[in-house]
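This is protein.txt (compact mmCIF, C-alpha atoms).
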```txt
# COMPACT_ATOMS: atom_id res chain seq x y z
CA MET A 1 0.00 0.00 0.00
CA GLN A 2 1.19 3.48 -0.83
CA PHE A 3 -0.52 6.87 -0.95
CA THR A 4 -0.02 10.57 -0.29
CA ILE A 5 -2.45 12.93 1.40
CA THR A 6 -2.46 16.59 2.33
CA HIS A 7 -1.76 17.29 5.97
CA LYS A 8 -4.97 19.34 6.20
CA ASP A 9 -7.19 16.49 4.92
CA LEU A 10 -5.39 13.94 7.11
CA LEU A 11 -5.78 15.97 10.29
CA LYS A 12 -9.43 16.83 9.63
CA SER A 13 -10.42 13.21 9.02
CA LEU A 14 -8.46 11.83 11.96
CA SER A 15 -10.11 14.38 14.25
CA HIS A 16 -13.46 12.87 13.21
CA VAL A 17 -12.71 9.17 13.47
CA VAL A 18 -9.91 8.65 16.01
CA PRO A 19 -11.84 9.64 19.19
CA ILE A 20 -13.98 6.52 18.70
CA ALA A 21 -10.96 4.19 18.90
CA GLU A 22 -9.94 2.80 22.27
CA ARG A 23 -6.70 4.06 23.82
CA LYS A 24 -6.28 0.79 25.69
CA SER A 25 -8.16 -2.44 25.15
CA THR A 26 -7.90 -6.14 25.89
CA ILE A 27 -8.64 -6.49 22.15
CA PRO A 28 -5.61 -4.77 20.59
CA ILE A 29 -7.16 -4.14 17.18
CA LEU A 30 -9.80 -1.88 18.76
CA THR A 31 -7.01 0.64 19.41
CA ASN A 32 -6.26 0.71 15.67
CA ILE A 33 -7.59 2.59 12.68
CA LYS A 34 -8.35 0.65 9.51
CA ILE A 35 -6.84 2.20 6.39
CA GLU A 36 -8.05 1.09 2.96
CA ALA A 37 -6.51 2.45 -0.24
CA GLY A 38 -8.52 1.54 -3.33
CA ASN A 39 -10.56 3.80 -5.58
CA ASN A 40 -10.57 6.12 -2.54
CA LEU A 41 -8.81 6.34 0.79
CA VAL A 42 -11.07 5.17 3.63
CA PHE A 43 -10.46 5.45 7.39
CA THR A 44 -12.51 3.33 9.83
CA THR A 45 -12.52 3.15 13.64
CA THR A 46 -14.76 1.30 16.09
CA ASN A 47 -15.15 0.48 19.77
CA THR A 48 -17.84 -2.15 18.93
CA ASP A 49 -20.56 0.28 20.13
CA ILE A 50 -19.83 3.00 17.56
CA GLU A 51 -18.24 2.83 14.13
CA THR A 52 -17.09 5.77 12.01
CA ILE A 53 -16.07 5.52 8.36
CA GLU A 54 -14.76 8.46 6.36
CA THR A 55 -13.63 8.72 2.74
CA VAL A 56 -10.69 11.09 2.32
CA PRO A 57 -9.14 12.68 -0.78
CA ALA A 58 -5.72 11.16 -1.48
CA GLN A 59 -3.39 10.14 -4.30
CA ILE A 60 -3.42 6.34 -4.34
CA ILE A 61 -0.15 4.92 -5.68
CA GLU A 62 -0.62 1.29 -4.62
CA GLU A 63 -3.81 -0.27 -3.31
CA GLY A 64 -4.01 -2.19 -0.05
CA LYS A 65 -5.45 -2.29 3.44
CA THR A 66 -4.13 -2.56 6.98
CA THR A 67 -4.59 -1.20 10.52
CA VAL A 68 -2.26 0.90 12.67
CA PRO A 69 -2.51 2.43 16.18
CA ALA A 70 -5.11 5.19 15.84
CA HIS A 71 -4.14 7.59 18.60
CA ILE A 72 -0.44 7.34 17.84
CA LEU A 73 -1.14 8.18 14.20
CA TYR A 74 -3.26 11.14 15.28
CA ASP A 75 -0.58 12.36 17.70
CA ILE A 76 1.98 12.21 14.89
CA ALA A 77 -0.30 14.03 12.47
CA ARG A 78 -0.88 16.87 14.92
CA THR A 79 2.86 17.54 15.21
CA LEU A 80 3.61 17.56 11.47
CA THR A 81 4.09 20.86 9.64
CA GLU A 82 4.61 19.74 6.03
CA ASP A 83 1.79 20.25 3.51
CA GLU A 84 1.90 16.62 2.30
CA VAL A 85 2.24 13.30 4.12
CA SER A 86 3.26 9.98 2.51
CA PHE A 87 2.24 6.50 3.68
CA ALA A 88 3.75 3.19 2.54
CA THR A 89 3.85 -0.34 3.92
CA LYS A 90 7.34 -1.83 4.13
CA ASP A 91 8.68 -4.92 5.93
CA GLY A 92 5.48 -5.34 7.96
CA LYS A 93 5.37 -1.71 9.09
CA MET A 94 3.51 1.42 8.02
CA VAL A 95 6.08 4.06 7.14
CA ILE A 96 4.88 7.68 7.43
CA SER A 97 7.00 10.43 5.90
CA ALA A 98 6.65 14.21 5.91
CA GLY A 99 9.63 16.34 4.97
CA LYS A 100 12.60 14.97 6.88
CA ALA A 101 10.42 13.30 9.54
CA LYS A 102 9.81 9.57 9.28
CA PHE A 103 7.82 7.19 11.50
CA SER A 104 7.33 3.43 11.40
CA LEU A 105 4.16 2.03 12.99
CA PRO A 106 3.21 -1.59 13.74
CA MET A 107 0.31 -3.09 11.81
CA LEU A 108 -2.42 -5.63 12.46
CA PRO A 109 -4.34 -7.41 9.66
CA ALA A 110 -7.30 -5.43 8.26
CA ASP A 111 -9.30 -8.66 7.90
CA ASP A 112 -9.36 -8.97 11.72
CA PHE A 113 -10.92 -5.55 12.14
CA PRO A 114 -14.56 -5.81 13.40
CA MET A 115 -17.19 -3.99 11.32
CA MET A 116 -20.68 -2.84 12.35
CA SER A 117 -21.89 -1.50 9.03
CA GLY A 118 -23.78 -3.71 6.62
CA THR A 119 -27.28 -3.75 5.22
CA SER A 120 -29.54 -0.71 5.46
CA LEU A 121 -31.65 -0.28 8.58
CA PRO A 122 -35.46 -0.49 8.13
CA PHE A 123 -36.42 3.17 8.64
CA LYS A 124 -34.71 5.83 6.54
CA PHE A 125 -35.17 9.57 6.14
CA LYS A 126 -33.24 12.71 5.22
CA ILE A 127 -32.78 15.69 7.50
CA SER A 128 -31.05 19.03 7.06
CA PRO A 129 -27.88 19.77 9.03
CA ASP A 130 -29.58 22.77 10.65
CA ASP A 131 -32.51 20.68 11.93
CA LEU A 132 -30.23 17.93 13.26
CA ILE A 133 -27.96 20.48 14.93
CA SER A 134 -30.99 22.05 16.64
CA LEU A 135 -32.32 18.68 17.81
CA ILE A 136 -28.93 18.04 19.42
CA ASP A 137 -27.88 21.45 20.74
CA LYS A 138 -31.27 22.41 22.16
CA THR A 139 -31.38 19.30 24.36
CA LYS A 140 -27.93 17.75 24.90
CA PHE A 141 -27.14 19.95 27.91
CA ALA A 142 -29.90 18.19 29.87
CA VAL A 143 -28.57 14.64 29.27
CA SER A 144 -27.84 12.85 32.54
CA ASN A 145 -24.34 11.66 33.49
CA GLU A 146 -25.67 9.37 36.21
CA GLU A 147 -24.70 5.86 35.17
CA THR A 148 -27.20 4.12 37.45
CA ARG A 149 -29.99 5.62 35.32
CA TYR A 150 -28.27 4.66 32.09
CA TYR A 151 -31.47 5.14 30.06
CA LEU A 152 -31.10 8.91 30.63
CA ASN A 153 -27.53 8.95 29.25
CA GLY A 154 -28.63 9.98 25.78
CA ILE A 155 -31.09 11.96 23.69
CA TYR A 156 -34.51 10.41 23.20
CA LEU A 157 -35.35 10.70 19.50
CA HIS A 158 -38.92 9.93 18.49
CA VAL A 159 -41.88 11.03 16.38
CA VAL A 160 -44.90 12.66 18.02
CA GLU A 161 -48.16 14.11 16.76
CA LYS A 162 -49.03 17.61 17.90
CA ASP A 163 -51.95 19.72 16.66
CA GLY A 164 -52.40 17.37 13.72
CA GLN A 165 -48.75 17.59 12.65
CA ASN A 166 -46.09 14.89 12.84
CA LEU A 167 -42.94 16.14 14.55
CA LEU A 168 -39.49 14.65 15.08
CA ARG A 169 -38.67 15.34 18.72
CA SER A 170 -35.53 15.18 20.79
CA SER A 171 -35.77 15.22 24.57
CA ALA A 172 -33.32 14.89 27.41
CA THR A 173 -33.54 14.99 31.19
CA ASP A 174 -31.29 14.50 34.19
CA GLY A 175 -34.15 14.43 36.69
CA GLY A 176 -33.80 18.09 37.63
CA ARG A 177 -34.57 19.55 34.22
CA LEU A 178 -36.13 18.56 30.93
CA ALA A 179 -35.40 19.87 27.44
CA ILE A 180 -37.61 19.26 24.39
CA TYR A 181 -37.15 20.39 20.80
CA ASP A 182 -39.32 19.64 17.74
CA VAL A 183 -38.81 19.88 13.99
CA PRO A 184 -41.28 18.84 11.26
CA ALA A 185 -41.03 15.06 10.86
CA PRO A 186 -39.04 14.26 7.69
CA GLU A 187 -40.66 12.02 5.09
CA GLY A 188 -39.97 8.40 6.02
CA SER A 189 -39.61 8.99 9.77
CA LYS A 190 -43.23 8.26 10.70
CA GLY A 191 -43.47 4.84 12.33
CA MET A 192 -39.79 4.70 13.29
CA PRO A 193 -39.05 3.19 16.71
CA SER A 194 -38.39 5.62 19.53
CA VAL A 195 -34.67 5.42 20.29
CA ILE A 196 -32.15 6.65 22.87
CA VAL A 197 -28.99 7.86 21.13
CA PRO A 198 -25.98 7.67 23.50
CA LYS A 199 -24.28 10.92 24.52
CA GLN A 200 -20.92 9.81 23.07
CA VAL A 201 -22.56 9.34 19.69
CA ILE A 202 -24.14 12.78 19.98
CA ALA A 203 -20.77 14.38 20.76
CA GLU A 204 -18.99 12.71 17.83
CA LEU A 205 -21.90 13.27 15.45
CA ARG A 206 -21.83 16.97 16.26
CA LYS A 207 -18.25 17.21 14.92
CA PHE A 208 -19.34 15.99 11.49
CA LEU A 209 -22.25 18.44 11.42
CA ASP A 210 -20.03 21.48 11.77
CA SER A 211 -18.68 20.97 8.25
CA SER A 212 -21.79 19.52 6.60
CA ASP A 213 -23.93 21.57 4.20
CA LYS A 214 -25.98 18.76 2.61
CA ASP A 215 -28.89 16.70 3.92
CA ILE A 216 -27.94 13.75 6.14
CA THR A 217 -29.54 10.35 5.67
CA VAL A 218 -30.63 8.81 8.97
CA GLU A 219 -31.33 5.08 9.29
CA VAL A 220 -32.98 3.62 12.38
CA SER A 221 -33.78 0.16 13.76
CA GLU A 222 -34.74 -1.09 17.22
CA THR A 223 -31.06 -1.57 18.13
CA LYS A 224 -28.98 0.70 15.87
CA THR A 225 -28.90 4.08 14.21
CA ARG A 226 -26.80 5.25 11.30
CA PHE A 227 -25.98 8.74 10.02
CA LEU A 228 -24.76 8.99 6.44
CA PHE A 229 -22.96 12.13 5.31
CA GLU A 230 -21.54 12.90 1.89
CA ASN A 231 -18.15 11.37 2.77
CA ALA A 232 -18.70 9.72 6.13
CA THR A 233 -20.91 7.21 7.95
CA MET A 234 -21.47 6.76 11.67
CA THR A 235 -23.20 3.61 12.95
CA SER A 236 -24.07 3.16 16.61
CA LYS A 237 -25.77 0.81 18.99
CA LEU A 238 -28.63 2.40 20.90
CA ILE A 239 -29.16 2.51 24.66
CA ASP A 240 -31.18 -0.57 25.53
CA GLY A 241 -33.69 0.79 28.01
CA LYS A 242 -37.14 2.29 28.44
CA TYR A 243 -37.24 6.07 28.46
CA PRO A 244 -39.47 7.47 31.23
CA ASN A 245 -42.74 9.28 30.53
CA TYR A 246 -41.17 12.74 30.44
CA LEU A 247 -44.51 14.39 29.60
CA ALA A 248 -45.68 13.65 33.14
CA VAL A 249 -43.22 16.19 34.59
CA ILE A 250 -44.45 19.10 32.46
CA PRO A 251 -46.64 21.18 34.80
CA LYS A 252 -50.16 21.98 33.66
CA GLY A 253 -51.22 24.81 35.97
CA ASN A 254 -48.45 27.36 35.47
CA ASP A 255 -50.59 30.42 34.76
CA LYS A 256 -48.19 33.20 35.78
CA LYS A 257 -46.21 34.55 32.80
CA LEU A 258 -42.88 36.31 33.10
CA ILE A 259 -41.25 37.73 29.96
CA VAL A 260 -37.68 39.06 29.98
CA ASN A 261 -35.12 40.19 27.44
CA THR A 262 -33.02 37.11 26.76
CA ALA A 263 -29.61 38.78 26.51
CA LYS A 264 -30.12 40.99 29.56
CA PHE A 265 -31.39 38.06 31.65
CA LYS A 266 -28.49 35.83 30.62
CA ASN A 267 -25.93 38.52 31.41
CA CYS A 268 -27.57 39.23 34.74
CA VAL A 269 -27.49 35.54 35.74
CA ALA A 270 -23.84 35.34 34.67
CA ARG A 271 -22.98 38.33 36.88
CA MET A 272 -24.77 36.83 39.89
CA SER A 273 -22.89 33.55 39.39
CA SER A 274 -19.69 35.37 40.42
CA VAL A 275 -20.80 35.30 44.06
CA SER A 276 -22.78 32.04 43.96
CA ILE A 277 -19.88 29.71 44.60
CA ASP A 278 -21.37 27.14 46.98
CA LYS A 279 -22.37 23.64 45.90
CA PHE A 280 -25.95 24.67 45.12
CA GLN A 281 -24.94 27.46 42.68
CA ALA A 282 -28.17 29.21 43.60
CA VAL A 283 -29.62 32.40 42.17
CA LYS A 284 -32.86 33.82 43.61
CA MET A 285 -35.43 35.38 41.28
CA ILE A 286 -37.75 37.89 42.98
CA ILE A 287 -40.61 38.41 40.54
CA GLU A 288 -42.89 41.42 41.04
CA LYS A 289 -45.11 43.53 38.81
CA ASP A 290 -43.04 44.44 35.73
CA SER A 291 -39.82 43.81 37.64
CA LEU A 292 -37.34 40.98 38.15
CA THR A 293 -34.60 41.12 40.77
CA LEU A 294 -31.83 38.53 40.84
CA THR A 295 -29.80 37.97 43.98
CA ALA A 296 -27.01 35.61 44.98
CA ASN A 297 -24.82 35.23 48.02
CA SER A 298 -22.32 33.00 49.74
CA PRO A 299 -20.40 33.48 52.99
CA GLU A 300 -17.05 33.29 51.19
CA ALA A 301 -17.80 35.51 48.17
CA GLY A 302 -20.33 38.05 49.39
CA THR A 303 -23.61 39.13 47.81
CA GLY A 304 -24.92 40.43 44.51
CA THR A 305 -28.22 42.05 43.48
CA GLU A 306 -29.51 43.34 40.15
CA GLU A 307 -32.93 44.52 39.03
CA MET A 308 -34.18 44.40 35.45
CA VAL A 309 -37.34 45.36 33.62
CA ALA A 310 -39.74 42.50 32.97
CA SER A 311 -43.31 41.88 31.88
CA TYR A 312 -45.26 40.34 34.78
CA ASP A 313 -48.66 40.99 36.34
CA GLY A 314 -49.11 38.32 39.00
CA GLU A 315 -48.49 37.93 42.70
CA THR A 316 -44.92 38.23 43.96
CA ILE A 317 -42.89 35.03 43.69
CA GLU A 318 -39.45 34.33 45.11
CA ILE A 319 -37.88 31.26 43.54
CA LEU A 320 -34.38 29.73 43.58
CA PHE A 321 -32.67 28.11 40.59
CA ASN A 322 -29.27 26.62 39.87
CA TYR A 323 -27.62 29.36 37.81
CA LYS A 324 -25.69 26.92 35.60
CA LYS A 325 -28.93 25.23 34.54
CA LEU A 326 -30.44 28.61 33.74
CA LEU A 327 -27.44 29.52 31.60
CA ASP A 328 -27.41 26.14 29.84
CA MET A 329 -30.90 26.83 28.60
CA THR A 330 -30.62 30.55 27.84
CA ASN A 331 -27.49 29.88 25.79
CA GLN A 332 -29.76 28.01 23.34
CA VAL A 333 -32.45 30.68 23.13
CA GLU A 334 -32.43 32.51 19.80
CA THR A 335 -35.42 34.83 20.28
CA GLU A 336 -35.13 38.32 21.71
CA GLU A 337 -37.43 37.47 24.57
CA LEU A 338 -37.63 34.54 26.97
CA GLU A 339 -40.89 33.41 28.57
CA PHE A 340 -41.30 31.74 31.97
CA SER A 341 -44.52 30.02 33.07
CA LEU A 342 -44.71 29.68 36.85
CA ALA A 343 -47.11 28.48 39.53
CA ASN A 344 -45.34 29.25 42.81
CA SER A 345 -41.93 29.16 44.50
CA THR A 346 -41.76 25.37 44.80
CA ALA A 347 -43.33 24.07 41.56
CA PRO A 348 -41.38 23.33 38.36
CA ALA A 349 -41.10 26.27 35.96
CA ILE A 350 -41.48 26.17 32.20
CA MET A 351 -39.10 28.22 30.04
CA LYS A 352 -39.36 28.71 26.29
CA GLU A 353 -38.55 31.05 23.47
CA LYS A 354 -41.33 33.63 23.24
CA GLY A 355 -43.50 32.79 20.26
CA ASN A 356 -41.83 29.42 19.61
CA ASP A 357 -43.74 26.31 20.68
CA HIS A 358 -41.08 23.94 19.32
CA PHE A 359 -38.65 24.48 22.20
CA LEU A 360 -39.61 23.81 25.84
CA TYR A 361 -37.55 23.59 29.01
CA VAL A 362 -38.72 22.51 32.45
CA ILE A 363 -36.56 23.27 35.49
CA MET A 364 -37.03 22.27 39.11
CA PRO A 365 -36.45 25.05 41.67
CA LEU A 366 -33.97 24.60 44.49
CA ARG A 367 -35.24 24.09 48.02
CA LEU A 368 -32.60 25.28 50.47
```

Using C-alpha cells, write down the structure that the file contains.
Amino acid sequence: MQFTITHKDLLKSLSHVVPIAERKSTIPILTNIKIEAGNNLVFTTTNTDIETIETVPAQIIEEGKTTVPAHILYDIARTLTEDEVSFATKDGKMVISAGKAKFSLPMLPADDFPMMSGTSLPFKFKISPDDLISLIDKTKFAVSNEETRYYLNGIYLHVVEKDGQNLLRSSATDGGRLAIYDVPAPEGSKGMPSVIVPKQVIAELRKFLDSSDKDITVEVSETKTRFLFENATMTSKLIDGKYPNYLAVIPKGNDKKLIVNTAKFKNCVARMSSVSIDKFQAVKMIIEKDSLTLTANSPEAGTGTEEMVASYDGETIEILFNYKKLLDMTNQVETEELEFSLANSTAPAIMKEKGNDHFLYVIMPLRL
C-alpha cells in the first residue's frame, strides 16, 4: 500500500474518526484505525458500540489495506508541519514520511478488524444539518451523566403528533430539568421506533455536522442508528432501556407569565454567578409587577443584586434556581425574549422562546 495525502485532509479526518478508537483495550485491534486504499482512501474506527467511516481525498499509488494504532497516528499528524504526508507499507510496518520526519508504525491485519456497518436499517429519512444540529444542541445539555440511570444517558429521538402535525422530537432529562425540541417530521420517519442515542454518539456526530452543508440520511432500527454524510458514515448501537414518561413532569397549571429580554437576563445571571460559589450554585429570582430582581450570596464571596425590567402581572414570587442550569438553557435561546410560566416558589417552571412552541424547558427550583 502506498498513498499521499495533504496534511490538512489527514488531520481533519483523523479528528473525526480517532476519538472513537480505544486508547487501551484487551482487544488490541480496537485501538487501531483501519486504512483502505482503493478507488478512494477510507479510514474506519470502532469500539464495537460506535463505528465511524470516512472517505478522504488522497493520491493512491498502490492499493491495499491494513490497521495501525489510531491515537499514535493522530498524535503524529498533529505535530507535522509539512503540507503533504506519505504513507507506505514496508517490511510489515507502516512508514509515514513528511519532509525529513519519518515514522514506522506496527500493523495488524485489516481482515481482523470488526465492522458494524452492513445492510440498510429499516427506517430511513433525510434531515437538514440545521434541523439535526438544533435537535442536538437544544437538548444535549440536559442529558444525565448518572450511570445508574443509564437510560437517561442519551437523547430520546422519536416522532410525536401535535396539533395534527407529525414532529421529530428530541428530549433529554437529568431528573432536575427537561429539554424538548421539535422539527417537522421528515418524510420516512413516521413509524420509526423511539430510540435513545448515547451521549458519546451525539458528541462525535456533532463534529461531522459542523462541516456539513448537505442533507444527512438517517437510518434507524430497534437496536442501531446510522448517520450517512456525503463522505462519512457513523453507525451506533442504541441505549437498551425504556425512556421514562417525560410528559408527566411538564406542569399543567403554570398560569403566571414572566417575559424578559433574553440577553439581559443571561448577562444578569452570569454576573450573579460570580458570588454564587457554593455547591448549590443558587440564584434567587424575585418576581414582582413588571420587575425581576436577581440575587445571589455565599459566605465566602459576598452578595450580589440586580434589578431588570420584565413583563409580569401576577403575585410576587421568590424562587431559587441553579444558575448553571439557567445559563445552559438561555445559551440556546435565539429569540429576543424569553418566557417563563410559573405556579409558585416550589413548583417546576417552564421556560421557552417567546412565540416558539417547538422548544420547551422545564426546570425544578432549588429548596434550600

Work out how far apart atom CA of A:Gln200 and atom CA of A:Gly154 are and give it in Å to one decimal. 8.2 Å

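Comparing A:Ala110, A:Met116, A:Ala21, A:Leu294 by their smallest distance to A:Ala70, the closest is A:Ala21 (using only C-alpha atoms).
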
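Among the candidate residues A:Leu292, A:Ile317, A:Ala185, A:Leu342, the one lying nearest to A:Gly253 is A:Leu342, with distances computed using all atoms listed in the file.
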
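The space between atom CA of A:Pro244 and atom CA of A:Ser341 spans 23.2 Å.
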
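You will find atom CA of A:Leu360 at 23.1 Å from atom CA of A:Leu205.
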
May I have the residues within 9 Å of A:Thr335 as a PyMOL selection string, using all atoms listed in the file and disregarding those fewer than 5 positions away in the same chain? chain A and resi 261-262+353-356

Selected residues, C-alpha atoms, written as a compact mmCIF listing (two decimals), in the coordinates of the input, please.
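Written file, result_3.txt:
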```txt
# COMPACT_ATOMS: atom_id res chain seq x y z
CA ASN A 261 -35.12 40.19 27.44
CA THR A 262 -33.02 37.11 26.76
CA GLU A 353 -38.55 31.05 23.47
CA LYS A 354 -41.33 33.63 23.24
CA GLY A 355 -43.50 32.79 20.26
CA ASN A 356 -41.83 29.42 19.61
```

Could you pull out every residue with an atom within 8 Å of (-37.6, 14.6, 12.3), file coordinates, counting all atoms listed in the file, and send them as a PyMOL selection string? chain A and resi 127+131+158-159+167-169+182-186+189

Got a sec: who's within 7 Å of stretch 135-146 of chain A, counting all atoms listed in the file, leaving out chain neighbours fewer than 6 positions off, as a ChimeraX atom specification? /A:152-155,170-174,177-181,328,332

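With all atoms listed in the file as the atoms that count, the minimum distance from A:Asp215 to the choices A:Ser128, A:Ser25, A:Asn32, A:Ser236 is reached by A:Ser128.
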
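Distances here use all atoms listed in the file; by that measure, the residue among A:Pro348, A:Pro198, A:Pro193, A:Gly92 closest to A:Asp49 is A:Pro198.
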
Pick out the residues sitting within 8 Å of A:Ala296, and hand them over as a compact mmCIF listing (two decimals) with C-alpha atoms, in the frame of the given file; count all atoms listed in the file, and ignore anything fewer than 2 positions along from it in its own chain.
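Produced file part_18.txt, reproduced below:
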```
# COMPACT_ATOMS: atom_id res chain seq x y z
CA MET A 272 -24.77 36.83 39.89
CA SER A 273 -22.89 33.55 39.39
CA VAL A 275 -20.80 35.30 44.06
CA SER A 276 -22.78 32.04 43.96
CA ALA A 282 -28.17 29.21 43.60
CA VAL A 283 -29.62 32.40 42.17
CA LYS A 284 -32.86 33.82 43.61
CA LEU A 294 -31.83 38.53 40.84
CA SER A 298 -22.32 33.00 49.74
CA THR A 303 -23.61 39.13 47.81
CA GLY A 304 -24.92 40.43 44.51
CA THR A 305 -28.22 42.05 43.48
```

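Omitting A:Lys264 and its sequence neighbours fewer than 3 positions away, and counting all atoms listed in the file, the residues within 10 Å are A:Val260, A:Asn261, A:Asn267, A:Cys268, A:Val269, A:Ala270, A:Met308, A:Val309, A:Glu336, A:Glu337.
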
Would you mind exporting C-alpha atoms of the selected residues as a PDB file, keeping the file's coordinate frame?
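Written out: part-v7.pdb:
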```pdb
ATOM      1  CA  VAL A 260     -37.680  39.060  29.980  1.00  0.00           C
ATOM      2  CA  ASN A 261     -35.120  40.190  27.440  1.00  0.00           C
ATOM      3  CA  ASN A 267     -25.930  38.520  31.410  1.00  0.00           C
ATOM      4  CA  CYS A 268     -27.570  39.230  34.740  1.00  0.00           C
ATOM      5  CA  VAL A 269     -27.490  35.540  35.740  1.00  0.00           C
ATOM      6  CA  ALA A 270     -23.840  35.340  34.670  1.00  0.00           C
ATOM      7  CA  MET A 308     -34.180  44.400  35.450  1.00  0.00           C
ATOM      8  CA  VAL A 309     -37.340  45.360  33.620  1.00  0.00           C
ATOM      9  CA  GLU A 336     -35.130  38.320  21.710  1.00  0.00           C
ATOM     10  CA  GLU A 337     -37.430  37.470  24.570  1.00  0.00           C
TER      11      GLU A 337
END
```

Residues within 6 Å of stretch 44-46 of chain A, please, as a JSON list (two decimals) with C-alpha atoms, in the frame of the given file. Count only C-alpha atoms; anything in the same chain fewer than 2 positions from it doesn't count.
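Okay, this is what ended up in out_3.json:
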```json
[["chain", "number", "residue", "atom", "x", "y", "z"],
["A", 20, "ILE", "CA", -13.98, 6.52, 18.70],
["A", 21, "ALA", "CA", -10.96, 4.19, 18.90],
["A", 33, "ILE", "CA", -7.59, 2.59, 12.68],
["A", 34, "LYS", "CA", -8.35, 0.65, 9.51],
["A", 48, "THR", "CA", -17.84, -2.15, 18.93],
["A", 50, "ILE", "CA", -19.83, 3.00, 17.56],
["A", 51, "GLU", "CA", -18.24, 2.83, 14.13],
["A", 52, "THR", "CA", -17.09, 5.77, 12.01],
["A", 53, "ILE", "CA", -16.07, 5.52, 8.36]]
```
